Amino acid sequence: GIMSGIEDAGYTCKHIQDPKELPSAAKGYPNSVVFSIWSGTDNRNRRAIVPSICEAHQINYIGADPYAAMISGDKELSKTVCADFGISAPRGLLIHGEDQLDRAALLDFPIVVKPLMEGGSIGITQQSKANDFDQACDQLRRLMKHHKPPILCEEFVGGREVSFCLIG
């Protein structure tokens with residue numbers, strides 16, 4: 001796995017389960033670097049927690065800073081930032097509760113219904129693509145049971161999805 005790859009490269013690796021342990025684990029290791037794959041649960045700011053702790057304690061880390069982590073965790077905010085740089089995104093809208101399900105009809109079907117604050121396809125299944133209003137409502141209700149609203153509905157764009165890390 002990841003740890004054995006780091007160790008095979010000649011580095012010492014320590015696995016920490018809880019970000020609260022970071023400050024004490026880093027003491028005595030001034031040249032240490034945190035590589036986090038922790039993303040927590042039930043907190044919309046969870047992807048910014050590890051880099052925030054690292055910055056507060058002057059611990060070196062790999063990955064997005066807290067601000068970038070928070071922006072990239074919010075799909076709607078990410079689309080706004082991308083638009084500022086001329087990057088287009090599918091038309092979409094947020095559904096904040098069951099009383100707003102009818103708003104999904106404002107989009108051109110098919111649409112994709114997905115959690116706003118997740119990454120890595122969390123909450124997205126084959127049922128996320130809704131071909132009509134009834135399917136969209138079913139998916140919205142399902143997601144609202146497992147993810148905190150708002151839920152994002154976007155017009156479907158076919159093709160291959162690519163995810164990558166950018167350094168620099």
# chains A, B, ... in the order shown; residues from 1 in each chain; ligands from 1
$ select_by_dssp --residues "region 12-151 of chain A" --states "strand (DSSP E or B)" --output "number ranges by chain"
A: 33-35, 60-62, 92-95, 111-115, 129-130, 151
$ write_last_selection --atoms "N, CA, C and O atoms" --output "mmCIF file, in the first residue's frame"
data_model
loop_
_atom_site.group_PDB
_atom_site.id
_atom_site.type_symbol
_atom_site.label_atom_id
_atom_site.label_comp_id
_atom_site.auth_asym_id
_atom_site.auth_seq_id
_atom_site.Cartn_x
_atom_site.Cartn_y
_atom_site.Cartn_z
ATOM 1 N N VAL A 33 6.958 15.175 7.186
ATOM 2 C CA VAL A 33 5.985 15.682 6.228
ATOM 3 C C VAL A 33 4.724 14.833 6.375
ATOM 4 O O VAL A 33 4.791 13.609 6.384
ATOM 5 N N VAL A 34 3.594 15.496 6.488
ATOM 6 C CA VAL A 34 2.320 14.794 6.602
ATOM 7 C C VAL A 34 1.742 14.588 5.210
ATOM 8 O O VAL A 34 1.630 15.531 4.426
ATOM 9 N N PHE A 35 1.407 13.348 4.923
ATOM 10 C CA PHE A 35 0.685 12.990 3.703
ATOM 11 C C PHE A 35 -0.635 12.400 4.180
ATOM 12 O O PHE A 35 -0.663 11.314 4.743
ATOM 13 N N ASN A 60 5.051 20.456 8.186
ATOM 14 C CA ASN A 60 5.051 20.344 6.728
ATOM 15 C C ASN A 60 4.005 19.324 6.290
ATOM 16 O O ASN A 60 3.828 18.287 6.926
ATOM 17 N N TYR A 61 3.328 19.595 5.176
ATOM 18 C CA TYR A 61 2.340 18.648 4.676
ATOM 19 C C TYR A 61 2.263 18.726 3.164
ATOM 20 O O TYR A 61 2.690 19.690 2.544
ATOM 21 N N ILE A 62 1.713 17.676 2.595
ATOM 22 C CA ILE A 62 1.509 17.592 1.154
ATOM 23 C C ILE A 62 0.018 17.719 0.900
ATOM 24 O O ILE A 62 -0.785 17.064 1.548
ATOM 25 N N GLY A 92 -26.591 23.813 -13.196
ATOM 26 C CA GLY A 92 -27.142 23.070 -12.075
ATOM 27 C C GLY A 92 -27.825 23.974 -11.075
ATOM 28 O O GLY A 92 -27.863 25.194 -11.241
ATOM 29 N N LEU A 93 -28.361 23.350 -10.043
ATOM 30 C CA LEU A 93 -28.998 24.098 -8.965
ATOM 31 C C LEU A 93 -28.969 23.263 -7.692
ATOM 32 O O LEU A 93 -28.758 22.057 -7.725
ATOM 33 N N LEU A 94 -29.152 23.955 -6.583
ATOM 34 C CA LEU A 94 -29.130 23.297 -5.277
ATOM 35 C C LEU A 94 -30.546 23.074 -4.780
ATOM 36 O O LEU A 94 -31.408 23.943 -4.924
ATOM 37 N N ILE A 95 -30.769 21.918 -4.176
ATOM 38 C CA ILE A 95 -32.039 21.579 -3.543
ATOM 39 C C ILE A 95 -31.766 21.513 -2.041
ATOM 40 O O ILE A 95 -30.960 20.704 -1.581
ATOM 41 N N ILE A 111 -30.322 14.496 -15.798
ATOM 42 C CA ILE A 111 -29.529 15.247 -14.830
ATOM 43 C C ILE A 111 -28.798 14.259 -13.915
ATOM 44 O O ILE A 111 -29.139 13.079 -13.866
ATOM 45 N N VAL A 112 -27.813 14.773 -13.210
ATOM 46 C CA VAL A 112 -27.109 13.996 -12.203
ATOM 47 C C VAL A 112 -27.431 14.620 -10.853
ATOM 48 O O VAL A 112 -27.343 15.840 -10.689
ATOM 49 N N VAL A 113 -27.809 13.775 -9.906
ATOM 50 C CA VAL A 113 -28.165 14.215 -8.559
ATOM 51 C C VAL A 113 -27.081 13.698 -7.630
ATOM 52 O O VAL A 113 -26.823 12.493 -7.570
ATOM 53 N N LYS A 114 -26.414 14.622 -6.904
ATOM 54 C CA LYS A 114 -25.272 14.207 -6.090
ATOM 55 C C LYS A 114 -25.110 15.104 -4.870
ATOM 56 O O LYS A 114 -25.564 16.247 -4.864
ATOM 57 N N PRO A 115 -24.427 14.582 -3.843
ATOM 58 C CA PRO A 115 -24.173 15.415 -2.662
ATOM 59 C C PRO A 115 -23.317 16.620 -3.035
ATOM 60 O O PRO A 115 -22.423 16.524 -3.876
ATOM 61 N N LYS A 129 -27.897 9.290 -12.100
ATOM 62 C CA LYS A 129 -28.344 9.868 -13.361
ATOM 63 C C LYS A 129 -29.857 9.673 -13.455
ATOM 64 O O LYS A 129 -30.351 8.551 -13.461
ATOM 65 N N ALA A 130 -30.564 10.776 -13.486
ATOM 66 C CA ALA A 130 -32.023 10.741 -13.559
ATOM 67 C C ALA A 130 -32.460 11.162 -14.949
ATOM 68 O O ALA A 130 -32.101 12.242 -15.419
ATOM 69 N N ILE A 151 -28.416 19.375 -1.860
ATOM 70 C CA ILE A 151 -28.049 18.363 -2.844
ATOM 71 C C ILE A 151 -27.945 19.085 -4.191
ATOM 72 O O ILE A 151 -28.751 19.948 -4.510
#
$ select_by_dssp --residues "region 129-165 of chain A" --states "helix (DSSP H, G or I)" --output "PyMOL selection string"
chain A and resi 133-146
$ write_last_selection --atoms "N, CA, C and O atoms" --output "mmCIF file, in the first residue's frame"
data_model
loop_
_atom_site.group_PDB
_atom_site.id
_atom_site.type_symbol
_atom_site.label_atom_id
_atom_site.label_comp_id
_atom_site.auth_asym_id
_atom_site.auth_seq_id
_atom_site.Cartn_x
_atom_site.Cartn_y
_atom_site.Cartn_z
ATOM 1 N N PHE A 133 -38.118 13.599 -14.239
ATOM 2 C CA PHE A 133 -38.396 14.268 -12.974
ATOM 3 C C PHE A 133 -38.647 13.282 -11.831
ATOM 4 O O PHE A 133 -38.142 13.467 -10.723
ATOM 5 N N ASP A 134 -39.406 12.211 -12.089
ATOM 6 C CA ASP A 134 -39.703 11.240 -11.034
ATOM 7 C C ASP A 134 -38.431 10.561 -10.526
ATOM 8 O O ASP A 134 -38.254 10.385 -9.323
ATOM 9 N N GLN A 135 -37.554 10.185 -11.437
ATOM 10 C CA GLN A 135 -36.274 9.588 -11.028
ATOM 11 C C GLN A 135 -35.456 10.583 -10.218
ATOM 12 O O GLN A 135 -34.812 10.214 -9.232
ATOM 13 N N ALA A 136 -35.472 11.828 -10.620
ATOM 14 C CA ALA A 136 -34.722 12.859 -9.894
ATOM 15 C C ALA A 136 -35.251 12.992 -8.466
ATOM 16 O O ALA A 136 -34.459 13.063 -7.517
ATOM 17 N N CYS A 137 -36.562 13.010 -8.307
ATOM 18 C CA CYS A 137 -37.151 13.134 -6.967
ATOM 19 C C CYS A 137 -36.792 11.937 -6.100
ATOM 20 O O CYS A 137 -36.478 12.091 -4.912
ATOM 21 N N ASP A 138 -36.829 10.740 -6.671
ATOM 22 C CA ASP A 138 -36.449 9.533 -5.915
ATOM 23 C C ASP A 138 -35.006 9.631 -5.438
ATOM 24 O O ASP A 138 -34.690 9.346 -4.282
ATOM 25 N N GLN A 139 -34.128 10.052 -6.340
ATOM 26 C CA GLN A 139 -32.708 10.175 -5.994
ATOM 27 C C GLN A 139 -32.488 11.280 -4.949
ATOM 28 O O GLN A 139 -31.708 11.123 -4.022
ATOM 29 N N LEU A 140 -33.182 12.388 -5.093
ATOM 30 C CA LEU A 140 -33.057 13.483 -4.120
ATOM 31 C C LEU A 140 -33.482 13.015 -2.734
ATOM 32 O O LEU A 140 -32.790 13.284 -1.744
ATOM 33 N N ARG A 141 -34.593 12.316 -2.648
ATOM 34 C CA ARG A 141 -35.059 11.820 -1.340
ATOM 35 C C ARG A 141 -34.053 10.842 -0.744
ATOM 36 O O ARG A 141 -33.776 10.878 0.447
ATOM 37 N N ARG A 142 -33.516 9.959 -1.564
ATOM 38 C CA ARG A 142 -32.522 8.981 -1.087
ATOM 39 C C ARG A 142 -31.287 9.686 -0.538
ATOM 40 O O ARG A 142 -30.804 9.376 0.548
ATOM 41 N N LEU A 143 -30.784 10.651 -1.290
ATOM 42 C CA LEU A 143 -29.580 11.357 -0.847
ATOM 43 C C LEU A 143 -29.828 12.174 0.420
ATOM 44 O O LEU A 143 -28.952 12.267 1.277
ATOM 45 N N MET A 144 -30.994 12.765 0.529
ATOM 46 C CA MET A 144 -31.289 13.579 1.713
ATOM 47 C C MET A 144 -31.329 12.746 2.991
ATOM 48 O O MET A 144 -31.136 13.275 4.082
ATOM 49 N N LYS A 145 -31.535 11.442 2.867
ATOM 50 C CA LYS A 145 -31.515 10.556 4.038
ATOM 51 C C LYS A 145 -30.089 10.299 4.519
ATOM 52 O O LYS A 145 -29.868 10.037 5.683
ATOM 53 N N HIS A 146 -29.127 10.354 3.586
ATOM 54 C CA HIS A 146 -27.754 9.962 3.914
ATOM 55 C C HIS A 146 -26.739 11.099 3.883
ATOM 56 O O HIS A 146 -25.629 10.945 4.380
#
$ residues_around --residues "Gln17 (chain A)" --least-positions-apart "3" --cutoff "12 Å" --atoms "only C-alpha atoms" --output "VMD selection string"
chain A and resid 14 20 to 22 25 36 to 40 50
$ write_last_selection --atoms "N, CA, C and O atoms" --output "PDB file, in the first residue's frame"
ATOM      1  N   LYS A  14       4.849   6.724   9.683  1.00  0.00           N
ATOM      2  CA  LYS A  14       4.053   6.496  10.884  1.00  0.00           C
ATOM      3  C   LYS A  14       2.592   6.738  10.531  1.00  0.00           C
ATOM      4  O   LYS A  14       2.253   7.786   9.976  1.00  0.00           O
ATOM      5  N   LYS A  20      -6.064  14.644  15.765  1.00  0.00           N
ATOM      6  CA  LYS A  20      -5.709  15.224  17.062  1.00  0.00           C
ATOM      7  C   LYS A  20      -4.314  14.795  17.494  1.00  0.00           C
ATOM      8  O   LYS A  20      -3.675  15.469  18.299  1.00  0.00           O
ATOM      9  N   GLU A  21      -3.845  13.661  16.974  1.00  0.00           N
ATOM     10  CA  GLU A  21      -2.521  13.134  17.341  1.00  0.00           C
ATOM     11  C   GLU A  21      -1.377  13.826  16.589  1.00  0.00           C
ATOM     12  O   GLU A  21      -0.213  13.646  16.944  1.00  0.00           O
ATOM     13  N   LEU A  22      -1.689  14.596  15.553  1.00  0.00           N
ATOM     14  CA  LEU A  22      -0.640  15.191  14.719  1.00  0.00           C
ATOM     15  C   LEU A  22       0.371  16.038  15.484  1.00  0.00           C
ATOM     16  O   LEU A  22       1.575  15.825  15.328  1.00  0.00           O
ATOM     17  N   ALA A  25       2.623  13.784  17.588  1.00  0.00           N
ATOM     18  CA  ALA A  25       3.381  12.848  16.751  1.00  0.00           C
ATOM     19  C   ALA A  25       4.501  13.553  15.994  1.00  0.00           C
ATOM     20  O   ALA A  25       5.539  12.951  15.726  1.00  0.00           O
ATOM     21  N   SER A  36      -1.704  13.135   4.000  1.00  0.00           N
ATOM     22  CA  SER A  36      -2.981  12.727   4.583  1.00  0.00           C
ATOM     23  C   SER A  36      -3.944  12.188   3.534  1.00  0.00           C
ATOM     24  O   SER A  36      -4.161  12.802   2.499  1.00  0.00           O
ATOM     25  N   ILE A  37      -4.504  11.031   3.856  1.00  0.00           N
ATOM     26  CA  ILE A  37      -5.624  10.516   3.072  1.00  0.00           C
ATOM     27  C   ILE A  37      -6.872  10.482   3.951  1.00  0.00           C
ATOM     28  O   ILE A  37      -7.907   9.972   3.557  1.00  0.00           O
ATOM     29  N   TRP A  38      -6.781  11.076   5.142  1.00  0.00           N
ATOM     30  CA  TRP A  38      -7.907  11.142   6.078  1.00  0.00           C
ATOM     31  C   TRP A  38      -8.882  12.200   5.579  1.00  0.00           C
ATOM     32  O   TRP A  38      -8.493  13.294   5.202  1.00  0.00           O
ATOM     33  N   SER A  39     -10.161  11.861   5.585  1.00  0.00           N
ATOM     34  CA  SER A  39     -11.139  12.865   5.190  1.00  0.00           C
ATOM     35  C   SER A  39     -12.313  12.939   6.155  1.00  0.00           C
ATOM     36  O   SER A  39     -13.254  13.671   5.904  1.00  0.00           O
ATOM     37  N   GLY A  40     -12.263  12.208   7.245  1.00  0.00           N
ATOM     38  CA  GLY A  40     -13.273  12.341   8.279  1.00  0.00           C
ATOM     39  C   GLY A  40     -14.676  12.015   7.824  1.00  0.00           C
ATOM     40  O   GLY A  40     -14.894  11.486   6.740  1.00  0.00           O
ATOM     41  N   VAL A  50      -6.960  18.529   8.505  1.00  0.00           N
ATOM     42  CA  VAL A  50      -5.543  18.144   8.601  1.00  0.00           C
ATOM     43  C   VAL A  50      -4.632  19.287   8.163  1.00  0.00           C
ATOM     44  O   VAL A  50      -3.695  19.643   8.901  1.00  0.00           O
TER      45      VAL A  50
END
